[in-house]
Amino acid sequence: MHVIACYSNKGGVGKTATSVNLAHAIARSGRQVLLCDLDPQGASSYYFRVKPSKRLSETRFFEDSDRFADAIRASDFDGLDILPANRSFRDFDRFLSRIRSKRSRLSKALVAGGAEYDVVVLDCPPNFSLLSENVFRAADRIVVPVPPSTLSERTFEQLVEFFKDQGLPRRKISAFFSMVEGRKSLHRDTMARMRAAYPKRFLAASIPYSADVERMGLRRAPVAEYAPRSKAAACYADLFGELAL
């Protein structure tokens, strides 16, 4: 089982869009994929038209593999299942703070509940927390969307510094630029500066600011399903190809 986390410590950067489109691309390549929605807002679950399982509490998520498996729902796409979020997931940190092995419990839950899948994609809430530390340890790759802006540059620096301070392997981080407007000199300058500062952390692929991506909320589907010839669909395909999953 390969674990891919779509994470950013900043909100509104295209993290859920990345989770949805990446999970869809992996499934289309022939792998069995579980998209695990860890964000209590449940946006990726919503995009796939999957309702939350109210019976999967934060305690059962980590301690009851049978209930974990029962909460998994099939999507409309072959090879792609969803573990939908619910509002109790906001209490993950409270639960993790009370137990032993609090920084490795997510990995154990995924192995117990999702072992039949080739790839697990995690859509993560945007913060530094005990849950995010679990994500950093459980994931084989951490895919980070970074809009080319000053605030996003700062939050990415914070993420890299956090990995350094905690002794986590920075090689796990695969960042890419999202919501890019190539006509803006600020975007071009920021991208060049960050690529120079982090030559091993940024992928070549980038995702443009696109109305086709914004329409995901209306279409409730991955971009490749309703706009397969769009630039956004091609860019998500490039991202998937570069990750070599």
# chains A, B, ... in the order shown; residues from 1 in each chain; ligands from 1
>>> select_by_dssp(residues="stretch 6-223 of chain A", states="strand (DSSP E or B)", output="MDAnalysis selection string")
chainID A and resid 6 33:37 73:74 80:83 119:123 141:146 173:180 202:208
>>> write_last_selection(atoms="N, CA and C atoms", output="mmCIF file, in the first residue's frame")
data_model
loop_
_atom_site.group_PDB
_atom_site.id
_atom_site.type_symbol
_atom_site.label_atom_id
_atom_site.label_comp_id
_atom_site.auth_asym_id
_atom_site.auth_seq_id
_atom_site.Cartn_x
_atom_site.Cartn_y
_atom_site.Cartn_z
ATOM 1 N N CYS A 6 -2.189 14.711 0.259
ATOM 2 C CA CYS A 6 -2.322 16.048 -0.327
ATOM 3 C C CYS A 6 -2.483 17.008 0.844
ATOM 4 N N VAL A 33 -7.752 2.341 -5.564
ATOM 5 C CA VAL A 33 -7.446 3.564 -4.827
ATOM 6 C C VAL A 33 -8.511 3.828 -3.765
ATOM 7 N N LEU A 34 -8.048 4.226 -2.589
ATOM 8 C CA LEU A 34 -8.930 4.717 -1.536
ATOM 9 C C LEU A 34 -8.601 6.182 -1.277
ATOM 10 N N LEU A 35 -9.574 7.052 -1.494
ATOM 11 C CA LEU A 35 -9.428 8.459 -1.124
ATOM 12 C C LEU A 35 -9.996 8.627 0.272
ATOM 13 N N CYS A 36 -9.130 8.955 1.208
ATOM 14 C CA CYS A 36 -9.522 9.091 2.613
ATOM 15 C C CYS A 36 -9.644 10.578 2.936
ATOM 16 N N ASP A 37 -10.848 11.034 3.181
ATOM 17 C CA ASP A 37 -11.121 12.449 3.431
ATOM 18 C C ASP A 37 -10.971 12.713 4.927
ATOM 19 N N ARG A 73 -17.068 3.864 0.922
ATOM 20 C CA ARG A 73 -18.130 3.890 -0.086
ATOM 21 C C ARG A 73 -17.511 3.844 -1.480
ATOM 22 N N ALA A 74 -18.198 3.175 -2.388
ATOM 23 C CA ALA A 74 -17.767 3.166 -3.782
ATOM 24 C C ALA A 74 -18.088 4.509 -4.432
ATOM 25 N N LEU A 80 -12.008 3.245 -7.655
ATOM 26 C CA LEU A 80 -11.857 4.384 -6.738
ATOM 27 C C LEU A 80 -12.952 4.361 -5.679
ATOM 28 N N ASP A 81 -12.552 4.161 -4.426
ATOM 29 C CA ASP A 81 -13.459 4.192 -3.289
ATOM 30 C C ASP A 81 -13.145 5.397 -2.409
ATOM 31 N N ILE A 82 -14.141 5.771 -1.582
ATOM 32 C CA ILE A 82 -14.023 6.956 -0.740
ATOM 33 C C ILE A 82 -14.300 6.589 0.709
ATOM 34 N N LEU A 83 -13.441 7.054 1.603
ATOM 35 C CA LEU A 83 -13.770 7.053 3.025
ATOM 36 C C LEU A 83 -14.184 8.478 3.362
ATOM 37 N N VAL A 119 -3.158 2.097 -3.507
ATOM 38 C CA VAL A 119 -2.791 3.463 -3.161
ATOM 39 C C VAL A 119 -3.870 4.068 -2.278
ATOM 40 N N VAL A 120 -3.458 4.740 -1.211
ATOM 41 C CA VAL A 120 -4.367 5.532 -0.375
ATOM 42 C C VAL A 120 -3.983 6.996 -0.546
ATOM 43 N N VAL A 121 -4.974 7.817 -0.912
ATOM 44 C CA VAL A 121 -4.766 9.261 -1.039
ATOM 45 C C VAL A 121 -5.442 9.938 0.140
ATOM 46 N N LEU A 122 -4.703 10.766 0.863
ATOM 47 C CA LEU A 122 -5.230 11.465 2.029
ATOM 48 C C LEU A 122 -5.488 12.925 1.683
ATOM 49 N N ASP A 123 -6.735 13.367 1.843
ATOM 50 C CA ASP A 123 -7.056 14.793 1.728
ATOM 51 C C ASP A 123 -7.038 15.353 3.145
ATOM 52 N N ARG A 141 4.634 9.915 0.159
ATOM 53 C CA ARG A 141 4.834 11.152 -0.596
ATOM 54 C C ARG A 141 3.834 12.181 -0.098
ATOM 55 N N ILE A 142 4.294 13.413 0.078
ATOM 56 C CA ILE A 142 3.419 14.504 0.513
ATOM 57 C C ILE A 142 3.366 15.526 -0.612
ATOM 58 N N VAL A 143 2.220 15.609 -1.257
ATOM 59 C CA VAL A 143 2.038 16.471 -2.421
ATOM 60 C C VAL A 143 1.471 17.803 -1.937
ATOM 61 N N VAL A 144 2.206 18.888 -2.200
ATOM 62 C CA VAL A 144 1.881 20.196 -1.624
ATOM 63 C C VAL A 144 1.593 21.210 -2.730
ATOM 64 N N PRO A 145 0.332 21.635 -2.895
ATOM 65 C CA PRO A 145 0.048 22.717 -3.842
ATOM 66 C C PRO A 145 0.442 24.071 -3.264
ATOM 67 N N VAL A 146 1.132 24.874 -4.064
ATOM 68 C CA VAL A 146 1.641 26.168 -3.608
ATOM 69 C C VAL A 146 1.262 27.248 -4.623
ATOM 70 N N ILE A 173 8.553 15.481 0.485
ATOM 71 C CA ILE A 173 7.789 16.638 0.025
ATOM 72 C C ILE A 173 7.931 16.806 -1.479
ATOM 73 N N SER A 174 6.800 16.767 -2.185
ATOM 74 C CA SER A 174 6.751 17.051 -3.627
ATOM 75 C C SER A 174 5.793 18.217 -3.835
ATOM 76 N N ALA A 175 6.341 19.411 -3.951
ATOM 77 C CA ALA A 175 5.511 20.606 -4.112
ATOM 78 C C ALA A 175 5.313 20.910 -5.595
ATOM 79 N N PHE A 176 4.224 21.609 -5.891
ATOM 80 C CA PHE A 176 3.987 22.092 -7.250
ATOM 81 C C PHE A 176 3.208 23.393 -7.158
ATOM 82 N N PHE A 177 3.307 24.206 -8.178
ATOM 83 C CA PHE A 177 2.603 25.480 -8.182
ATOM 84 C C PHE A 177 1.173 25.283 -8.667
ATOM 85 N N SER A 178 0.232 25.872 -7.935
ATOM 86 C CA SER A 178 -1.188 25.773 -8.267
ATOM 87 C C SER A 178 -1.768 27.169 -8.438
ATOM 88 N N MET A 179 -2.909 27.217 -9.120
ATOM 89 C CA MET A 179 -3.627 28.487 -9.315
ATOM 90 C C MET A 179 -2.721 29.529 -9.980
ATOM 91 N N VAL A 180 -1.943 29.085 -10.942
ATOM 92 C CA VAL A 180 -0.948 29.929 -11.595
ATOM 93 C C VAL A 180 -1.585 30.783 -12.688
ATOM 94 N N PHE A 202 10.397 21.064 -5.812
ATOM 95 C CA PHE A 202 9.314 21.448 -6.711
ATOM 96 C C PHE A 202 9.311 20.605 -7.981
ATOM 97 N N LEU A 203 8.124 20.111 -8.322
ATOM 98 C CA LEU A 203 7.919 19.397 -9.567
ATOM 99 C C LEU A 203 7.845 20.391 -10.722
ATOM 100 N N ALA A 204 8.039 19.899 -11.936
ATOM 101 C CA ALA A 204 7.923 20.755 -13.116
ATOM 102 C C ALA A 204 6.464 21.086 -13.428
ATOM 103 N N ALA A 205 5.562 20.156 -13.118
ATOM 104 C CA ALA A 205 4.143 20.367 -13.418
ATOM 105 C C ALA A 205 3.571 21.500 -12.570
ATOM 106 N N SER A 206 2.623 22.215 -13.140
ATOM 107 C CA SER A 206 1.898 23.247 -12.406
ATOM 108 C C SER A 206 0.454 23.252 -12.882
ATOM 109 N N ILE A 207 -0.430 23.777 -12.045
ATOM 110 C CA ILE A 207 -1.866 23.811 -12.358
ATOM 111 C C ILE A 207 -2.284 25.268 -12.539
ATOM 112 N N PRO A 208 -2.902 25.607 -13.654
ATOM 113 C CA PRO A 208 -3.286 27.006 -13.879
ATOM 114 C C PRO A 208 -4.517 27.392 -13.070
#
>>> residues_around(residues="A:Leu96", least_positions_apart="6", cutoff="12 Å", atoms="only C-alpha atoms", output="list in words")
Glu58, Thr59, Phe61, Phe62, Glu63, Phe89, Arg90, Lys102, Arg103, Ser104, Arg105, Leu106, Ser129, Leu130, Leu131, Ser132, Glu133 and Asn134 of chain A
>>> residues_around(residues="stretch 223-238 of chain A", least_positions_apart="6", cutoff="12 Å", atoms="only C-alpha atoms", output="PyMOL selection string")
chain A and resi 14+17-26+28-29+47-48+76-77+145+176-180+203-217+244-245
>>> residues_around(residues="stretch 137-140 of chain A", least_positions_apart="2", cutoff="6 Å", atoms="only C-alpha atoms", output="list in words")
Val3, Ile4, Ala5, Ser107, Asn134 and Val135 of chain A
>>> write_last_selection(atoms="N, CA, C and O atoms", output="PDB file, in the first residue's frame")
ATOM      1  N   VAL A   3       0.994   5.357   0.255  1.00  0.00           N
ATOM      2  CA  VAL A   3       0.177   6.430   0.838  1.00  0.00           C
ATOM      3  C   VAL A   3       0.652   7.776   0.299  1.00  0.00           C
ATOM      4  O   VAL A   3       1.825   8.136   0.437  1.00  0.00           O
ATOM      5  N   ILE A   4      -0.283   8.503  -0.319  1.00  0.00           N
ATOM      6  CA  ILE A   4      -0.018   9.831  -0.864  1.00  0.00           C
ATOM      7  C   ILE A   4      -0.875  10.835  -0.090  1.00  0.00           C
ATOM      8  O   ILE A   4      -2.095  10.703  -0.043  1.00  0.00           O
ATOM      9  N   ALA A   5      -0.257  11.828   0.513  1.00  0.00           N
ATOM     10  CA  ALA A   5      -0.988  12.860   1.251  1.00  0.00           C
ATOM     11  C   ALA A   5      -1.005  14.147   0.444  1.00  0.00           C
ATOM     12  O   ALA A   5       0.043  14.610  -0.010  1.00  0.00           O
ATOM     13  N   SER A 107      -0.991   5.606  10.629  1.00  0.00           N
ATOM     14  CA  SER A 107      -0.398   4.560   9.800  1.00  0.00           C
ATOM     15  C   SER A 107      -0.979   3.191  10.147  1.00  0.00           C
ATOM     16  O   SER A 107      -1.322   2.398   9.254  1.00  0.00           O
ATOM     17  N   ASN A 134       0.997  12.753  12.174  1.00  0.00           N
ATOM     18  CA  ASN A 134       0.681  11.387  11.769  1.00  0.00           C
ATOM     19  C   ASN A 134       0.727  11.242  10.254  1.00  0.00           C
ATOM     20  O   ASN A 134       1.240  10.258   9.721  1.00  0.00           O
ATOM     21  N   VAL A 135       0.164  12.230   9.556  1.00  0.00           N
ATOM     22  CA  VAL A 135       0.173  12.213   8.092  1.00  0.00           C
ATOM     23  C   VAL A 135       1.602  12.202   7.576  1.00  0.00           C
ATOM     24  O   VAL A 135       1.951  11.421   6.676  1.00  0.00           O
TER      25      VAL A 135
END
>>> atom_distance(atom1="atom CA of A:Lys10", atom2="atom CA of A:Arg188")
20.4 Å
>>> closest_residue(among="A:Thr155, A:Ser8, A:Ser88, A:Ser149", to="A:Lys54", atoms="only C-alpha atoms")
A:Ser88
>>> residues_around(residues="A:Asp39", least_positions_apart="4", cutoff="10 Å", atoms="only C-alpha atoms", output="count of residues only")
15
>>> residues_around(residues="A:Leu151", least_positions_apart="3", cutoff="12 Å", atoms="only C-alpha atoms", output="ChimeraX atom specification")
/A:9-13,146-148,154-158,190
>>> write_last_selection(atoms="N, CA and C atoms", output="mmCIF file, in the first residue's frame")
data_model
loop_
_atom_site.group_PDB
_atom_site.id
_atom_site.type_symbol
_atom_site.label_atom_id
_atom_site.label_comp_id
_atom_site.auth_asym_id
_atom_site.auth_seq_id
_atom_site.Cartn_x
_atom_site.Cartn_y
_atom_site.Cartn_z
ATOM 1 N N ASN A 9 -0.277 23.583 4.829
ATOM 2 C CA ASN A 9 -0.608 24.253 6.083
ATOM 3 C C ASN A 9 -1.333 25.566 5.842
ATOM 4 N N LYS A 10 -1.692 25.833 4.592
ATOM 5 C CA LYS A 10 -2.479 27.013 4.229
ATOM 6 C C LYS A 10 -3.748 26.555 3.519
ATOM 7 N N GLY A 11 -4.871 27.168 3.837
ATOM 8 C CA GLY A 11 -6.122 26.831 3.183
ATOM 9 C C GLY A 11 -6.275 27.557 1.856
ATOM 10 N N GLY A 12 -7.206 27.067 1.021
ATOM 11 C CA GLY A 12 -7.531 27.731 -0.221
ATOM 12 C C GLY A 12 -6.465 27.675 -1.285
ATOM 13 N N VAL A 13 -5.690 26.584 -1.316
ATOM 14 C CA VAL A 13 -4.575 26.492 -2.266
ATOM 15 C C VAL A 13 -4.809 25.453 -3.365
ATOM 16 N N VAL A 146 1.132 24.874 -4.064
ATOM 17 C CA VAL A 146 1.641 26.168 -3.608
ATOM 18 C C VAL A 146 1.262 27.248 -4.623
ATOM 19 N N PRO A 147 0.248 28.062 -4.371
ATOM 20 C CA PRO A 147 0.018 29.212 -5.241
ATOM 21 C C PRO A 147 1.220 30.159 -5.186
ATOM 22 N N PRO A 148 1.604 30.748 -6.301
ATOM 23 C CA PRO A 148 2.795 31.618 -6.300
ATOM 24 C C PRO A 148 2.496 32.994 -5.721
ATOM 25 N N ARG A 154 5.705 31.865 2.282
ATOM 26 C CA ARG A 154 6.002 31.843 3.715
ATOM 27 C C ARG A 154 5.535 30.543 4.369
ATOM 28 N N THR A 155 4.324 30.100 4.042
ATOM 29 C CA THR A 155 3.812 28.878 4.669
ATOM 30 C C THR A 155 4.574 27.653 4.188
ATOM 31 N N PHE A 156 5.063 27.672 2.947
ATOM 32 C CA PHE A 156 5.880 26.546 2.496
ATOM 33 C C PHE A 156 7.203 26.513 3.244
ATOM 34 N N GLU A 157 7.778 27.671 3.479
ATOM 35 C CA GLU A 157 9.007 27.740 4.289
ATOM 36 C C GLU A 157 8.761 27.152 5.679
ATOM 37 N N GLN A 158 7.603 27.460 6.256
ATOM 38 C CA GLN A 158 7.267 26.920 7.577
ATOM 39 C C GLN A 158 7.169 25.397 7.549
ATOM 40 N N THR A 190 7.867 34.769 -8.392
ATOM 41 C CA THR A 190 7.786 33.920 -7.200
ATOM 42 C C THR A 190 8.160 32.476 -7.530
#
>>> closest_residue(among="A:Phe136, A:Phe68, A:Phe92, A:Tyr46", to="A:Leu110", atoms="only C-alpha atoms")
A:Phe68
>>> closest_residue(among="A:Ala112, A:Val50, A:Leu38, A:Ala197", to="A:Arg67", atoms="only C-alpha atoms")
A:Ala112
>>> select_by_dssp(residues="stretch 102-193 of chain A", states="helix (DSSP H, G or I)", output="JSON, numbers by chain")
{"A": [105, 106, 107, 108, 109, 110, 111, 112, 113, 114, 130, 131, 132, 133, 134, 135, 136, 137, 138, 150, 151, 152, 153, 154, 155, 156, 157, 158, 159, 160, 161, 162, 163, 164, 165, 166, 170, 171, 172, 185, 186, 187, 188, 189, 190, 191, 192, 193]}
>>> atom_distance(atom1="atom CA of A:Ser75", atom2="atom CA of A:Lys15")
19.4 Å
>>> decode(residues="stretch 113-148 of chain A", atoms="N, CA and C atoms", output="compact mmCIF listing (two decimals), in the first residue's frame")
# COMPACT_ATOMS: atom_id res chain seq x y z
N GLY A 113 -7.30 -0.90 8.01
CA GLY A 113 -8.57 -0.69 7.33
C GLY A 113 -8.50 -0.60 5.82
N GLY A 114 -7.29 -0.32 5.27
CA GLY A 114 -7.20 -0.10 3.84
C GLY A 114 -6.16 -0.96 3.15
N ALA A 115 -5.84 -2.10 3.72
CA ALA A 115 -4.74 -2.92 3.21
C ALA A 115 -5.03 -3.48 1.82
N GLU A 116 -6.28 -3.57 1.41
CA GLU A 116 -6.60 -4.15 0.10
C GLU A 116 -6.35 -3.19 -1.05
N TYR A 117 -6.02 -1.94 -0.75
CA TYR A 117 -5.83 -0.94 -1.80
C TYR A 117 -4.37 -0.82 -2.18
N ASP A 118 -4.14 -0.49 -3.46
CA ASP A 118 -2.78 -0.26 -3.93
C ASP A 118 -2.27 1.10 -3.47
N VAL A 119 -3.16 2.10 -3.51
CA VAL A 119 -2.79 3.46 -3.16
C VAL A 119 -3.87 4.07 -2.28
N VAL A 120 -3.46 4.74 -1.21
CA VAL A 120 -4.37 5.53 -0.37
C VAL A 120 -3.98 7.00 -0.55
N VAL A 121 -4.97 7.82 -0.91
CA VAL A 121 -4.77 9.26 -1.04
C VAL A 121 -5.44 9.94 0.14
N LEU A 122 -4.70 10.77 0.86
CA LEU A 122 -5.23 11.47 2.03
C LEU A 122 -5.49 12.92 1.68
N ASP A 123 -6.74 13.37 1.84
CA ASP A 123 -7.06 14.79 1.73
C ASP A 123 -7.04 15.35 3.15
N CYS A 124 -6.07 16.23 3.43
CA CYS A 124 -5.76 16.61 4.81
C CYS A 124 -6.24 18.02 5.13
N PRO A 125 -6.65 18.26 6.38
CA PRO A 125 -6.99 19.63 6.80
C PRO A 125 -5.73 20.50 6.87
N PRO A 126 -5.89 21.83 6.71
CA PRO A 126 -4.73 22.73 6.61
C PRO A 126 -4.25 23.27 7.95
N ASN A 127 -3.47 22.49 8.66
CA ASN A 127 -2.91 22.99 9.91
C ASN A 127 -1.73 22.12 10.33
N PHE A 128 -0.98 22.60 11.32
CA PHE A 128 0.01 21.78 12.00
C PHE A 128 -0.65 21.24 13.25
N SER A 129 -0.64 19.93 13.42
CA SER A 129 -1.35 19.31 14.53
C SER A 129 -0.81 17.90 14.73
N LEU A 130 -1.34 17.20 15.73
CA LEU A 130 -0.97 15.80 15.91
C LEU A 130 -1.40 14.97 14.70
N LEU A 131 -2.55 15.32 14.11
CA LEU A 131 -2.98 14.60 12.92
C LEU A 131 -2.00 14.82 11.77
N SER A 132 -1.58 16.06 11.56
CA SER A 132 -0.65 16.31 10.45
C SER A 132 0.68 15.61 10.70
N GLU A 133 1.14 15.52 11.94
CA GLU A 133 2.36 14.77 12.22
C GLU A 133 2.18 13.29 11.89
N ASN A 134 1.00 12.75 12.17
CA ASN A 134 0.68 11.39 11.77
C ASN A 134 0.73 11.24 10.25
N VAL A 135 0.16 12.23 9.56
CA VAL A 135 0.17 12.21 8.09
C VAL A 135 1.60 12.20 7.58
N PHE A 136 2.47 13.06 8.12
CA PHE A 136 3.84 13.16 7.65
C PHE A 136 4.58 11.84 7.82
N ARG A 137 4.27 11.10 8.86
CA ARG A 137 4.94 9.82 9.10
C ARG A 137 4.32 8.69 8.29
N ALA A 138 3.01 8.74 8.07
CA ALA A 138 2.34 7.65 7.36
C ALA A 138 2.55 7.72 5.85
N ALA A 139 2.71 8.93 5.31
CA ALA A 139 2.76 9.11 3.85
C ALA A 139 4.11 8.75 3.27
N ASP A 140 4.07 8.10 2.11
CA ASP A 140 5.29 7.89 1.33
C ASP A 140 5.64 9.14 0.54
N ARG A 141 4.63 9.91 0.16
CA ARG A 141 4.83 11.15 -0.60
C ARG A 141 3.83 12.18 -0.10
N ILE A 142 4.29 13.41 0.08
CA ILE A 142 3.42 14.50 0.51
C ILE A 142 3.37 15.53 -0.61
N VAL A 143 2.22 15.61 -1.26
CA VAL A 143 2.04 16.47 -2.42
C VAL A 143 1.47 17.80 -1.94
N VAL A 144 2.21 18.89 -2.20
CA VAL A 144 1.88 20.20 -1.62
C VAL A 144 1.59 21.21 -2.73
N PRO A 145 0.33 21.63 -2.90
CA PRO A 145 0.05 22.72 -3.84
C PRO A 145 0.44 24.07 -3.26
N VAL A 146 1.13 24.87 -4.06
CA VAL A 146 1.64 26.17 -3.61
C VAL A 146 1.26 27.25 -4.62
N PRO A 147 0.25 28.06 -4.37
CA PRO A 147 0.02 29.21 -5.24
C PRO A 147 1.22 30.16 -5.19
N PRO A 148 1.60 30.75 -6.30
CA PRO A 148 2.80 31.62 -6.30
C PRO A 148 2.50 32.99 -5.72
